[in-house]
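Next comes protein-v9.txt, with compact mmCIF, C-alpha atoms.
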# COMPACT_ATOMS: atom_id res chain seq x y z
CA MET A 27 -20.44 26.03 27.19
CA THR A 28 -20.11 23.17 24.73
CA ALA A 29 -23.05 21.27 23.27
CA LEU A 30 -21.60 18.06 24.72
CA LEU A 31 -21.60 19.44 28.24
CA LEU A 32 -25.17 20.66 27.90
CA ALA A 33 -26.24 17.29 26.51
CA MET A 34 -24.80 15.66 29.64
CA LEU A 35 -26.68 18.12 31.82
CA VAL A 36 -30.00 17.09 30.28
CA ALA A 37 -29.68 13.70 31.95
CA LEU A 38 -28.98 15.13 35.40
CA GLN A 39 -31.38 16.07 38.15
CA PRO A 40 -32.45 19.74 38.33
CA ASN A 41 -29.83 22.11 39.73
CA PRO A 42 -26.93 19.64 39.88
CA ALA A 43 -23.74 20.71 41.57
CA GLY A 44 -21.58 22.65 39.17
CA ALA A 45 -24.38 23.53 36.75
CA PRO A 46 -24.16 27.07 35.37
CA GLU A 47 -26.19 29.62 37.31
CA ASP A 48 -27.99 30.70 34.14
CA THR A 49 -29.31 27.18 33.40
CA VAL A 50 -33.04 26.52 33.83
CA TYR A 51 -34.58 23.06 33.67
CA PHE A 52 -38.21 23.06 32.57
CA THR A 53 -40.64 20.19 32.02
CA PRO A 54 -43.70 21.43 30.10
CA GLN A 55 -47.10 20.56 31.56
CA VAL A 56 -49.36 22.26 29.02
CA GLY A 57 -49.35 22.84 25.27
CA TYR A 58 -51.08 25.57 23.27
CA ARG A 59 -52.36 25.41 19.70
CA THR A 60 -52.12 29.13 19.05
CA PHE A 61 -49.39 31.75 19.24
CA ALA A 62 -50.70 34.63 21.36
CA VAL A 63 -50.14 36.69 24.48
CA ARG A 64 -51.28 34.65 27.50
CA GLU A 65 -50.13 33.83 31.02
CA PRO A 66 -46.49 32.65 30.75
CA VAL A 67 -45.58 29.09 31.68
CA LEU A 68 -42.10 30.26 32.67
CA ARG A 69 -40.16 33.48 33.23
CA ILE A 70 -36.43 33.64 32.52
CA LYS A 71 -33.66 36.21 32.24
CA PRO A 72 -31.74 36.98 29.04
CA GLY A 73 -28.73 34.71 28.67
CA THR A 74 -30.52 31.71 30.14
CA VAL A 75 -29.73 28.20 28.90
CA LEU A 76 -33.07 26.38 28.81
CA ILE A 77 -32.95 22.58 29.10
CA SER A 78 -36.37 21.23 28.23
CA LYS A 79 -38.33 19.10 25.78
CA THR A 80 -41.18 19.45 23.33
CA ASN A 81 -44.63 18.27 24.37
CA PHE A 82 -45.44 14.61 23.85
CA GLY A 83 -48.67 13.55 22.14
CA ASP A 84 -50.55 10.45 20.99
CA TYR A 85 -49.73 11.46 17.41
CA TYR A 86 -46.27 9.97 17.90
CA THR A 87 -47.44 6.57 19.18
CA GLU A 88 -48.12 3.32 17.35
CA GLU A 89 -51.87 3.92 17.56
CA GLY A 90 -51.81 7.59 16.60
CA GLY A 91 -53.96 10.43 17.87
CA ALA A 92 -53.95 14.16 18.45
CA PHE A 93 -50.92 16.37 17.77
CA PRO A 94 -49.56 18.06 20.93
CA GLY A 95 -49.55 21.80 21.50
CA GLU A 96 -46.49 24.01 21.64
CA VAL A 97 -44.37 24.81 24.69
CA GLY A 98 -44.83 28.34 25.94
CA PRO A 99 -45.23 31.17 26.22
CA ILE A 100 -41.95 31.88 28.00
CA TYR A 101 -41.58 35.43 29.25
CA ILE A 102 -38.09 36.92 28.85
CA GLU A 103 -37.48 39.57 31.49
CA GLY A 104 -36.49 42.94 30.07
CA ALA A 105 -37.29 42.10 26.44
CA THR A 106 -39.19 44.89 24.66
CA ALA A 107 -40.55 45.66 21.22
CA GLU A 108 -37.38 47.70 20.63
CA ASP A 109 -35.24 44.55 20.89
CA VAL A 110 -34.53 41.27 19.08
CA LEU A 111 -34.98 37.82 20.61
CA VAL A 112 -32.00 35.48 20.09
CA VAL A 113 -32.50 31.71 20.28
CA GLU A 114 -29.36 29.60 19.94
CA VAL A 115 -30.23 25.98 19.14
CA ILE A 116 -27.62 24.01 21.07
CA GLN A 117 -29.30 20.63 21.04
CA VAL A 118 -32.32 19.00 19.36
CA ARG A 119 -32.44 15.21 19.79
CA PRO A 120 -35.30 12.67 19.58
CA ASN A 121 -36.25 11.23 22.98
CA PHE A 122 -38.75 8.61 21.74
CA GLU A 123 -38.36 5.52 19.57
CA LEU A 124 -41.10 6.33 17.06
CA ALA A 125 -41.85 9.12 14.62
CA ALA A 126 -45.06 9.46 12.62
CA ALA A 127 -45.76 10.86 9.16
CA ARG A 128 -49.10 11.05 7.34
CA LEU A 129 -50.60 11.54 3.94
CA TYR A 130 -53.80 13.59 3.88
CA SER A 131 -56.48 13.80 1.20
CA ASP A 132 -56.76 17.59 1.53
CA PHE A 133 -53.44 18.74 3.00
CA GLY A 134 -50.02 18.75 1.37
CA GLY A 135 -48.20 20.33 -1.52
CA LEU A 136 -49.61 17.87 -4.06
CA ALA A 137 -53.12 17.42 -2.64
CA SER A 138 -56.39 19.08 -3.63
CA ASN A 139 -58.21 21.20 -1.06
CA SER A 140 -61.59 22.75 -0.39
CA GLU A 141 -60.68 25.90 -2.37
CA THR A 142 -59.43 24.17 -5.52
CA ARG A 143 -61.29 21.26 -7.14
CA LEU A 144 -59.29 18.85 -9.26
CA LEU A 145 -60.43 16.09 -11.59
CA ASN A 146 -58.44 13.33 -9.90
CA GLU A 147 -59.57 11.37 -6.87
CA PRO A 148 -58.25 12.59 -3.49
CA ILE A 149 -54.95 11.19 -2.25
CA PRO A 150 -55.70 8.21 0.02
CA GLU A 151 -55.05 8.96 3.68
CA ARG A 152 -52.23 6.87 5.08
CA ARG A 153 -50.08 6.87 8.20
CA TYR A 154 -46.43 5.78 8.29
CA VAL A 155 -44.71 4.82 11.54
CA TRP A 156 -40.95 5.33 11.45
CA ARG A 157 -38.85 3.42 13.99
CA LEU A 158 -35.94 5.48 15.27
CA ASP A 159 -32.50 4.15 16.13
CA ARG A 160 -31.25 6.98 18.30
CA GLU A 161 -27.74 5.59 18.60
CA ARG A 162 -27.22 5.25 14.86
CA MET A 163 -29.44 8.30 14.20
CA THR A 164 -31.53 6.53 11.56
CA ALA A 165 -35.22 5.97 10.89
CA THR A 166 -36.85 2.96 9.19
CA THR A 167 -40.37 2.50 7.84
CA GLU A 168 -42.33 -0.02 5.75
CA LEU A 169 -43.20 0.70 2.10
CA PRO A 170 -46.25 -1.56 1.59
CA ASP A 171 -46.75 -0.89 -2.14
CA SER A 172 -43.11 -0.89 -3.22
CA ARG A 173 -40.60 -3.43 -4.49
CA MET A 174 -38.30 -2.13 -1.77
CA SER A 175 -40.40 -3.20 1.22
CA GLN A 176 -38.71 -0.87 3.70
CA VAL A 177 -36.31 2.06 3.73
CA THR A 178 -33.83 3.48 6.26
CA ILE A 179 -32.76 7.12 6.22
CA ASP A 180 -30.44 9.18 8.41
CA LEU A 181 -31.84 11.70 10.87
CA HIS A 182 -31.48 15.48 10.73
CA PRO A 183 -33.41 16.66 13.84
CA MET A 184 -34.95 20.13 13.71
CA LEU A 185 -37.59 22.33 15.31
CA GLY A 186 -40.46 23.27 13.03
CA ARG A 187 -41.74 26.03 15.30
CA LEU A 188 -40.01 28.90 17.06
CA ALA A 189 -42.24 31.90 17.66
CA VAL A 190 -43.00 35.02 19.62
CA ALA A 191 -46.52 36.30 20.28
CA PRO A 192 -47.76 38.10 17.14
CA ARG A 193 -48.30 41.84 17.07
CA GLY A 194 -51.26 43.54 18.78
CA GLU A 195 -54.08 41.24 19.84
CA GLU A 196 -53.51 38.78 17.02
CA ALA A 197 -53.53 35.03 17.64
CA PHE A 198 -52.43 32.57 14.99
CA SER A 199 -52.98 28.84 14.82
CA ALA A 200 -49.79 26.87 15.43
CA LEU A 201 -49.94 25.86 11.73
CA TRP A 202 -49.12 29.45 10.66
CA PRO A 203 -45.72 30.96 9.94
CA GLY A 204 -45.30 34.72 9.72
CA ASP A 205 -43.13 37.64 10.76
CA PHE A 206 -43.44 36.29 14.33
CA GLY A 207 -41.71 33.04 13.29
CA GLY A 208 -44.19 30.28 13.99
CA ASN A 209 -44.53 27.12 11.92
CA MET A 210 -41.72 27.94 9.50
CA ASP A 211 -40.77 24.25 9.09
CA ALA A 212 -37.26 25.26 8.03
CA PRO A 213 -34.76 22.37 8.20
CA GLU A 214 -32.11 25.02 8.83
CA VAL A 215 -33.45 25.41 12.40
CA ARG A 216 -31.30 22.66 13.88
CA GLU A 217 -28.28 22.24 16.13
CA GLY A 218 -25.73 24.96 15.48
CA ALA A 219 -28.24 27.52 14.25
CA THR A 220 -29.12 30.81 15.90
CA VAL A 221 -32.57 32.24 15.22
CA TYR A 222 -33.34 35.95 15.58
CA LEU A 223 -37.00 36.93 16.04
CA PRO A 224 -38.67 40.35 16.14
CA ILE A 225 -40.47 41.18 19.38
CA PHE A 226 -43.97 42.69 19.41
CA HIS A 227 -44.73 42.66 23.15
CA ASP A 228 -42.70 43.22 26.29
CA GLY A 229 -41.46 39.81 27.38
CA ALA A 230 -41.58 38.40 23.83
CA TYR A 231 -43.79 35.41 24.85
CA PHE A 232 -41.59 32.76 23.24
CA TYR A 233 -42.93 29.40 21.99
CA PHE A 234 -41.19 26.31 20.60
CA GLY A 235 -42.15 22.83 19.40
CA ASP A 236 -42.93 20.64 16.37
CA GLY A 237 -39.88 18.41 16.49
CA HIS A 238 -39.02 16.65 13.23
CA ALA A 239 -36.49 13.82 13.25
CA ARG A 240 -36.11 14.67 9.56
CA GLN A 241 -38.00 16.73 6.99
CA GLY A 242 -37.39 17.41 3.33
CA HIS A 243 -37.39 20.97 2.03
CA GLY A 244 -40.96 22.00 1.29
CA GLU A 245 -42.50 19.43 3.66
CA VAL A 246 -44.35 18.50 0.47
CA ALA A 247 -46.46 15.63 1.86
CA GLY A 248 -47.65 17.72 4.81
CA THR A 249 -45.57 16.31 7.67
CA GLY A 250 -42.00 15.60 8.66
CA LEU A 251 -40.98 12.69 10.86
CA GLU A 252 -42.95 14.08 13.77
CA THR A 253 -41.65 13.09 17.21
CA SER A 254 -40.74 14.29 20.69
CA MET A 255 -37.44 16.08 21.27
CA ASP A 256 -35.06 16.96 24.06
CA VAL A 257 -33.90 20.52 23.49
CA VAL A 258 -31.24 22.86 24.82
CA LEU A 259 -31.71 26.51 23.86
CA ARG A 260 -29.75 29.59 24.89
CA ILE A 261 -32.17 32.50 24.95
CA ASP A 262 -30.93 36.07 24.88
CA VAL A 263 -31.89 39.58 23.76
CA ILE A 264 -30.16 42.15 21.56
CA LYS A 265 -31.11 45.50 23.07
CA GLY A 266 -31.95 48.53 20.95
CA MET A 267 -32.16 46.68 17.64
CA THR A 268 -35.23 45.71 15.60
CA ILE A 269 -35.79 43.40 12.63
CA ALA A 270 -38.89 42.83 10.52
CA TRP A 271 -38.64 39.07 9.78
CA PRO A 272 -36.98 36.02 11.31
CA ARG A 273 -33.27 35.65 10.67
CA ILE A 274 -31.19 32.47 10.96
CA GLU A 275 -27.44 32.12 11.20
CA ASN A 276 -25.03 29.20 11.32
CA ASP A 277 -21.32 28.73 10.64
CA ASP A 278 -21.79 28.95 6.88
CA TYR A 279 -24.75 31.25 6.12
CA ILE A 280 -26.80 34.24 7.15
CA MET A 281 -30.44 33.57 6.27
CA VAL A 282 -33.87 35.19 6.28
CA ALA A 283 -37.18 33.30 6.44
CA GLY A 284 -40.05 34.99 4.58
CA SER A 285 -43.60 33.62 4.84
CA ALA A 286 -46.57 34.52 2.63
CA ARG A 287 -48.82 33.34 -0.19
CA PRO A 288 -48.33 33.20 -3.12
CA LEU A 289 -44.91 31.56 -2.99
CA ILE A 290 -43.28 34.39 -4.96
CA ASP A 291 -44.16 36.82 -2.16
CA ALA A 292 -42.43 34.63 0.43
CA PHE A 293 -39.42 34.52 -1.92
CA ARG A 294 -39.44 38.31 -2.30
CA ILE A 295 -39.74 38.97 1.44
CA ALA A 296 -36.80 36.67 2.24
CA HIS A 297 -34.54 38.21 -0.37
CA VAL A 298 -35.44 41.86 0.27
CA GLU A 299 -34.81 41.37 3.98
CA LEU A 300 -31.52 39.59 3.25
CA ILE A 301 -30.32 42.46 1.05
CA GLU A 302 -31.24 44.99 3.74
CA TRP A 303 -29.34 42.91 6.32
CA LEU A 304 -26.24 43.01 4.10
CA GLU A 305 -26.71 46.74 3.62
CA GLN A 306 -27.31 47.66 7.25
CA GLU A 307 -24.83 45.41 9.06
CA TYR A 308 -22.16 44.37 6.57
CA GLY A 309 -21.49 47.63 4.75
CA PHE A 310 -22.76 46.72 1.27
CA GLY A 311 -24.40 49.26 -1.00
CA ARG A 312 -27.97 48.25 -1.73
CA TRP A 313 -27.53 47.65 -5.44
CA ASP A 314 -24.14 45.99 -4.92
CA ALA A 315 -25.82 43.63 -2.47
CA TYR A 316 -28.66 42.98 -4.94
CA GLN A 317 -26.15 42.11 -7.66
CA LEU A 318 -24.12 39.84 -5.36
CA VAL A 319 -27.22 38.09 -4.02
CA GLY A 320 -28.19 37.42 -7.62
CA GLN A 321 -24.98 35.44 -8.09
CA VAL A 322 -24.31 33.60 -4.82
CA VAL A 323 -27.56 33.29 -2.83
CA GLU A 324 -28.93 29.81 -2.15
CA SER A 325 -32.69 29.67 -1.65
CA SER A 326 -34.69 26.82 -0.12
CA ILE A 327 -38.41 26.27 0.22
CA ALA A 328 -39.10 25.43 3.85
CA ASN A 329 -42.77 24.59 3.38
CA VAL A 330 -45.48 24.72 0.71
CA VAL A 331 -48.23 23.23 2.89
CA ASP A 332 -48.99 25.74 5.65
CA PRO A 333 -51.48 28.64 5.44
CA ASN A 334 -48.43 30.72 4.51
CA TYR A 335 -45.52 29.28 2.55
CA THR A 336 -41.96 29.85 3.80
CA VAL A 337 -38.81 30.53 1.77
CA VAL A 338 -35.32 30.77 3.29
CA ALA A 339 -32.80 32.99 1.47
CA LYS A 340 -29.23 31.92 2.35
CA PHE A 341 -26.14 34.09 1.82
CA PRO A 342 -22.75 32.35 2.16
CA LYS A 343 -20.67 33.92 4.91
CA ARG A 344 -17.48 33.53 2.91
CA PHE A 345 -18.59 36.53 0.82
CA VAL A 346 -19.05 38.95 3.72
CA PRO A 347 -16.29 40.96 5.43
Now that the file is in, can you turn its structure into structure tokens?
Amino acid sequence: MTALLLAMLVALQPNPAGAPEDTVYFTPQVGYRTFAVREPVLRIKPGTVLISKTNFGDYYTEEGGAFPGEVGPIYIEGATAEDVLVVEVIQVRPNFELAAARLYSDFGGLASNSETRLLNEPIPERRYVWRLDRERMTATTELPDSRMSQVTIDLHPMLGRLAVAPRGEEAFSALWPGDFGGNMDAPEVREGATVYLPIFHDGAYFYFGDGHARQGHGEVAGTGLETSMDVVLRIDVIKGMTIAWPRIENDDYIMVAGSARPLIDAFRIAHVELIEWLEQEYGFGRWDAYQLVGQVVESSIANVVDPNYTVVAKFPKRFVP
């Protein structure tokens, strides 16, 4: 099914004539602020195309307010801890005319925090409202202290959070990324990407949310252009295969997202897992893969603001068989 066809289906009433049998329309009614095992909001079969949206919250409005919780958990029938969850991102598009971004005094890649005192004054808290032109796919905001009084940028919509329930009885705040996925804030998670997640519980308990109309690598100021999104996801399962960390794939790259602190550990996780992927599935010798990664890999910092930092190691597909 093409992305264009699925985009057209979003605008239709549930179960329109001719819609694929494996399509499920879901309007979220509740949002959660932790990733954990809990009563599912929806149960679907592998291979389902999910047409839905992220939760809306006052954070996105002119006045501002609380950030919404994540959609989920969604229980995938037949998924086990011996399998891999596959999430194909077919569509991510803003469905609201505003996006919000904030500066915080104690949150962000360049801000002080309660653990580390600095000599400078805290960064002043400030909120920016970006006005979205969804036809032109641009965003515009005011720059009150600048010679250039406003700026317009193009949109690159993404999902900051795709997750499964963490292992055991663990529950993580929605701000956390980890081996379960979570708040990775990777701009690579956009239309055309497929995300592979390890599964720690039968049913996977899948969550998604945190739509960004655009976000720079690192999310250095603490937020992207936070807004509400229409989403189309194809959700499937690879049976009898396990992975340790989230993987991402698009037309050009295979990628691994590693999350940890300090940043070097996130970098190491992403690259070790990428080398093992090349070794296990593409026929490379380990040290040959290490050498080749050293020459052609492209690494990006997804975030340096969350409780764990995230690094994405990206291997160009043109160098694999």
Using only C-alpha atoms, which of A:Thr106, A:Phe234, A:Tyr130, A:Leu111 sits nearest Phe61 (chain A)?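 Comparing A:Thr106, A:Phe234, A:Tyr130, A:Leu111 against Phe61 (chain A), the winner is A:Phe234.
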Can you tell me which residues surround Leu68 (chain A) at a distance of at most 12 Å, considering all atoms listed in the file, apart from same-chain residues fewer than 5 positions away, and format the answer as a PDB file with C-alpha atoms, in the frame of the given file?
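Printed below is part_1.pdb as written:
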ATOM      1  CA  VAL A  50     -33.040  26.520  33.830  1.00  0.00           C
ATOM      2  CA  TYR A  51     -34.580  23.060  33.670  1.00  0.00           C
ATOM      3  CA  PHE A  52     -38.210  23.060  32.570  1.00  0.00           C
ATOM      4  CA  THR A  53     -40.640  20.190  32.020  1.00  0.00           C
ATOM      5  CA  PRO A  54     -43.700  21.430  30.100  1.00  0.00           C
ATOM      6  CA  GLN A  55     -47.100  20.560  31.560  1.00  0.00           C
ATOM      7  CA  VAL A  56     -49.360  22.260  29.020  1.00  0.00           C
ATOM      8  CA  THR A  74     -30.520  31.710  30.140  1.00  0.00           C
ATOM      9  CA  LEU A  76     -33.070  26.380  28.810  1.00  0.00           C
ATOM     10  CA  SER A  78     -36.370  21.230  28.230  1.00  0.00           C
ATOM     11  CA  VAL A  97     -44.370  24.810  24.690  1.00  0.00           C
ATOM     12  CA  GLY A  98     -44.830  28.340  25.940  1.00  0.00           C
ATOM     13  CA  PRO A  99     -45.230  31.170  26.220  1.00  0.00           C
ATOM     14  CA  ILE A 100     -41.950  31.880  28.000  1.00  0.00           C
ATOM     15  CA  TYR A 101     -41.580  35.430  29.250  1.00  0.00           C
ATOM     16  CA  ILE A 102     -38.090  36.920  28.850  1.00  0.00           C
ATOM     17  CA  GLU A 103     -37.480  39.570  31.490  1.00  0.00           C
ATOM     18  CA  GLY A 229     -41.460  39.810  27.380  1.00  0.00           C
ATOM     19  CA  TYR A 231     -43.790  35.410  24.850  1.00  0.00           C
ATOM     20  CA  PHE A 232     -41.590  32.760  23.240  1.00  0.00           C
ATOM     21  CA  TYR A 233     -42.930  29.400  21.990  1.00  0.00           C
TER      22      TYR A 233
END
Contact residues around Arg294 (chain A) with all atoms listed in the file at 12 Å, ignoring same-chain residues under 2 positions, as a list in words: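 Neighbouring residues, sequence-local ones excluded: Val282, Ala283, Gly284, Ser285, Ala286, Arg287, Pro288, Leu289, Ile290, Asp291, Ala292, Ala296, His297, Val298, Glu299, Leu300, Ile301, Ser325, Tyr335, Thr336, Val337, Val338 and Ala339 of chain A.
Of the listed residues A:Arg173, A:His227, A:Arg128, A:Arg187, the one whose atoms come nearest to Ile149 (chain A) is A:Arg128, with distances taken using only C-alpha atoms.
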How far is it from CA of Lys79 (chain A) to CA of Glu151 (chain A), in Å with one decimal? 29.5 Å
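Remark: for Gly90 (chain A), the closest of the candidate residues A:Gly134, A:Leu185, A:Arg193, A:Ala127 is A:Ala127 (distances computed over all atoms listed in the file).
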Counting all atoms listed in the file, which residues sit no farther than 7 Å from the position (-56.0, 28.1, 9.6) in the file's frame? I'd like them as a short mmCIF file (atom, residue, chain, number, x, y, z; two decimals) with C-alpha atoms, in the frame of the given file.
data_model
loop_
_atom_site.label_atom_id
_atom_site.label_comp_id
_atom_site.auth_asym_id
_atom_site.auth_seq_id
_atom_site.Cartn_x
_atom_site.Cartn_y
_atom_site.Cartn_z
CA SER A 199 -52.98 28.84 14.82
CA LEU A 201 -49.94 25.86 11.73
CA PRO A 333 -51.48 28.64 5.44
#
